[in-house]
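The next block is upload38.txt, given as compact mmCIF, C-alpha atoms.
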```txt
# COMPACT_ATOMS: atom_id res chain seq x y z
CA MET A 3 67.06 87.22 111.80
CA SER A 4 67.03 84.75 108.96
CA ILE A 5 68.06 81.17 108.38
CA SER A 6 71.77 80.92 107.73
CA SER A 7 72.77 81.30 104.09
CA ARG A 8 74.69 78.02 104.47
CA PHE A 9 71.44 76.31 103.51
CA ALA A 10 71.08 78.11 100.16
CA VAL A 11 74.81 77.73 99.51
CA GLY A 12 74.59 74.00 100.24
CA VAL A 13 71.74 73.62 97.74
CA HIS A 14 73.73 75.72 95.23
CA ILE A 15 76.81 73.51 95.65
CA LEU A 16 74.94 70.23 95.20
CA THR A 17 73.06 71.50 92.17
CA LEU A 18 76.19 72.91 90.53
CA ILE A 19 78.09 69.66 91.11
CA GLU A 20 75.41 67.90 89.06
CA PHE A 21 75.54 70.50 86.28
CA ASN A 22 79.33 70.08 86.24
CA LYS A 23 79.36 66.28 86.64
CA ASP A 24 81.79 65.84 83.75
CA GLY A 25 84.14 68.51 85.11
CA VAL A 26 86.03 69.12 88.34
CA SER A 27 83.93 70.82 90.99
CA SER A 28 86.76 72.35 92.99
CA SER A 29 86.10 74.77 95.82
CA GLU A 30 87.42 77.57 93.59
CA TYR A 31 84.99 76.64 90.79
CA LEU A 32 82.05 76.40 93.20
CA ALA A 33 83.04 79.62 94.98
CA GLU A 34 83.04 81.49 91.68
CA SER A 35 79.42 80.50 91.06
CA VAL A 36 78.32 81.26 94.63
CA ASN A 37 80.41 84.45 94.52
CA THR A 38 82.13 83.74 97.81
CA ASN A 39 85.44 82.61 99.25
CA PRO A 40 86.65 79.04 98.50
CA ALA A 41 87.31 78.57 102.24
CA LEU A 42 83.58 78.97 102.96
CA ILE A 43 82.81 76.45 100.21
CA ARG A 44 85.26 73.97 101.73
CA LYS A 45 83.61 74.41 105.13
CA ILE A 46 80.15 73.70 103.73
CA ILE A 47 81.43 70.81 101.61
CA GLY A 48 82.86 69.37 104.83
CA MET A 49 79.39 69.53 106.39
CA LEU A 50 77.82 67.94 103.29
CA LYS A 51 80.47 65.20 103.37
CA LYS A 52 79.79 64.48 107.04
CA ALA A 53 76.12 64.06 106.12
CA GLU A 54 77.17 61.69 103.31
CA LEU A 55 75.76 63.94 100.59
CA VAL A 56 79.08 64.49 98.80
CA GLU A 57 82.32 62.61 98.36
CA VAL A 58 85.70 64.29 98.50
CA HIS A 59 89.13 62.73 98.55
CA PRO A 60 92.21 64.28 100.19
CA GLY A 61 94.71 65.54 97.66
CA ILE A 62 92.24 65.30 94.77
CA ALA A 63 90.45 68.46 93.69
CA GLY A 64 86.70 68.38 93.38
CA ALA A 65 83.60 66.98 94.98
CA ASN A 66 81.05 64.51 93.67
CA LEU A 67 77.53 63.70 94.78
CA ALA A 68 77.40 60.69 97.09
CA LYS A 69 73.76 59.95 96.24
CA LYS A 70 71.40 60.32 93.32
CA LEU A 71 69.81 63.75 92.96
CA SER A 72 66.42 62.22 93.63
CA GLU A 73 67.65 60.88 96.98
CA ILE A 74 68.83 64.21 98.41
CA THR A 75 66.10 66.40 99.88
CA LEU A 76 66.32 70.01 100.90
CA LEU A 77 65.70 68.78 104.45
CA ASP A 78 68.88 66.69 104.18
CA VAL A 79 70.80 69.83 103.22
CA TYR A 80 69.09 71.90 105.92
CA LYS A 81 70.14 69.40 108.57
CA ALA A 82 73.63 68.87 107.10
CA VAL A 83 74.68 72.51 107.27
CA ASN A 84 73.47 73.06 110.84
CA VAL A 85 71.18 75.94 109.97
CA VAL A 86 69.74 75.91 113.48
CA PRO A 87 70.11 73.59 116.46
CA GLU A 88 67.61 70.72 116.54
CA ASN A 89 64.07 71.98 117.21
CA GLU A 90 65.23 75.56 117.71
CA LEU A 91 64.21 77.32 114.51
CA PHE A 92 62.30 79.79 116.66
CA SER A 93 63.81 81.22 119.81
CA VAL A 94 61.66 82.25 122.71
CA HIS A 95 62.99 84.69 125.27
CA GLU A 96 63.97 82.81 128.40
CA ASN A 97 63.00 84.98 131.32
CA PRO A 98 59.70 86.76 130.83
CA ASN A 99 58.32 88.49 133.90
CA PRO A 100 56.25 85.95 135.91
CA LYS A 101 54.35 88.81 137.55
CA CYS A 102 52.89 89.73 134.16
CA LEU A 103 49.87 87.91 132.75
CA VAL A 104 51.53 87.61 129.33
CA GLY A 105 54.99 87.01 130.76
CA ARG A 106 53.98 83.98 132.79
CA ASN A 107 51.99 82.40 129.93
CA ILE A 108 53.71 83.37 126.68
CA GLN A 109 56.19 80.49 126.46
CA GLU A 110 53.76 77.63 126.96
CA THR A 111 51.30 79.37 124.64
CA ILE A 112 53.54 79.97 121.63
CA ILE A 113 56.09 77.12 121.83
CA PRO A 114 53.60 74.48 120.58
CA ILE A 115 52.57 76.77 117.70
CA LEU A 116 56.19 77.42 116.74
CA SER A 117 56.94 73.69 116.87
CA ILE A 118 54.08 73.01 114.47
CA ALA A 119 55.39 75.73 112.14
CA GLN A 120 58.89 74.22 112.17
CA LEU A 121 57.51 70.74 111.43
CA ALA A 122 55.49 72.15 108.52
CA MET A 123 58.57 73.82 107.05
CA GLU A 124 60.60 70.62 107.45
CA LYS A 125 57.83 68.63 105.75
CA VAL A 126 58.01 70.93 102.73
CA LEU A 127 61.81 70.74 102.62
CA GLY A 128 61.59 66.96 102.86
CA SER A 129 59.32 66.83 99.82
CA VAL A 130 61.69 68.71 97.49
CA THR A 131 64.80 67.07 96.10
CA ILE A 132 67.97 68.44 94.53
CA GLU A 133 66.66 66.83 91.34
CA ASP A 134 63.61 69.13 91.57
CA ILE A 135 65.90 72.14 91.92
CA PHE A 136 68.09 70.95 89.01
CA GLU A 137 65.06 70.50 86.74
CA ALA A 138 63.59 73.87 87.74
CA ILE A 139 66.86 75.60 86.85
CA VAL A 140 66.95 73.81 83.48
CA GLU A 141 63.38 75.00 82.79
CA LYS A 142 64.12 78.57 83.87
CA GLU A 143 67.17 78.64 81.63
CA LYS A 144 65.09 77.44 78.65
CA GLN A 145 62.75 80.41 79.16
CA LYS A 146 65.57 82.94 78.84
```
Mind turning this structure into structure tokens?
Amino acid sequence: MSISSRFAVGVHILTLIEFNKDGVSSSEYLAESVNTNPALIRKIIGMLKKAELVEVHPGIAGANLAKKLSEITLLDVYKAVNVVPENELFSVHENPNPKCLVGRNIQETIIPILSIAQLAMEKVLGSVTIEDIFEAIVEKEKQK
């Protein structure tokens, strides 16, 4: 299992909106870059709008960033697109055998470790902004 691709698509959308800030970032335009269906883009834009990361207006094509690039972290995007339910990045099987030494102890042994791992990942995501992604793409493009 992996984290939902909605996260990467959300980052893609926000970054592309900035690159296209003088144009119209319609769902069709964004979908072409992501190489997906415009309906999926609209769904994710709806999530980003609910999190106040983008602005969209009914009847007007396109989306705009609702905040400065430097104010949007990858953690904001991660939370906005509902990658996983709160504090459930790692799932632990619910009914291990209590008659087994491992079965009766596994949950309370690994849940704290998995919680620490999730917090560490979220700390990293919180330290990277869409501006960082934008600048990294600009640099990578210069090297080509």
(request) For each of A:Leu77, A:Glu133, A:Pro98, A:Asn22, take the minimum atom-to-atom distance to A:Ala10, counting only C-alpha atoms, then give the residue where this is smallest. (result)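 For A:Ala10, the nearest of the candidates is A:Leu77.
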(message) Rounded to one decimal, what separation in Å do you get between atom CA of A:Ile115 and atom CA of A:Phe92?
(response)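 Interatomic distance, atom CA of A:Ile115 to atom CA of A:Phe92: 10.2 Å.
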(request) Using all atoms listed in the file, determine which residues lie at most 9 Å from A:Leu71, disregarding the query and same-chain residues fewer than 4 positions distant; provide the list as a ChimeraX atom specification. (result) /A:16-17,20,67,75,131-134,136
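Across the structure, atom CA of A:Met123 and atom CA of A:Asn66 are spaced 27.8 Å apart.
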(request) Could you jot down the atom CA of A:Ala138 to atom CA of A:Lys51 separation for me, Å, one decimal place? (result)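 Computing the Euclidean distance for atom CA of A:Ala138 and atom CA of A:Lys51 yields 24.6 Å.
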(request) Quick one: everything within 9 Å of A:Ile47, counting only C-alpha atoms, minus sequence neighbours fewer than 6 positions away in the same chain. Send it as a PyMOL selection string. (result) chain A and resi 12+15+29+55-58+65+83
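Comparing the minimum interatomic distances between A:Leu127 and each of A:Ile112, A:Ala63, A:Glu96, A:Val13, counting all atoms listed in the file, we find that A:Val13 sits nearest.
Distances from A:Lys23, A:Ile74, A:Cys102, A:Val11 to A:Ser129 were compared using all atoms listed in the file, and the smallest one belongs to A:Ile74.
Closest to A:Leu76 among A:Thr38, A:Thr111, A:Leu50, A:Ile43 is A:Leu50, based on all atoms listed in the file.
The residue set within 9 Å of A:Gln120, counting all atoms listed in the file and dropping same-chain residues fewer than 2 places from it, reads Asn89, Glu90, Leu91, Phe92, Ile115, Leu116, Ser117, Ile118, Ala122, Met123, Glu124 and Lys125 of chain A.
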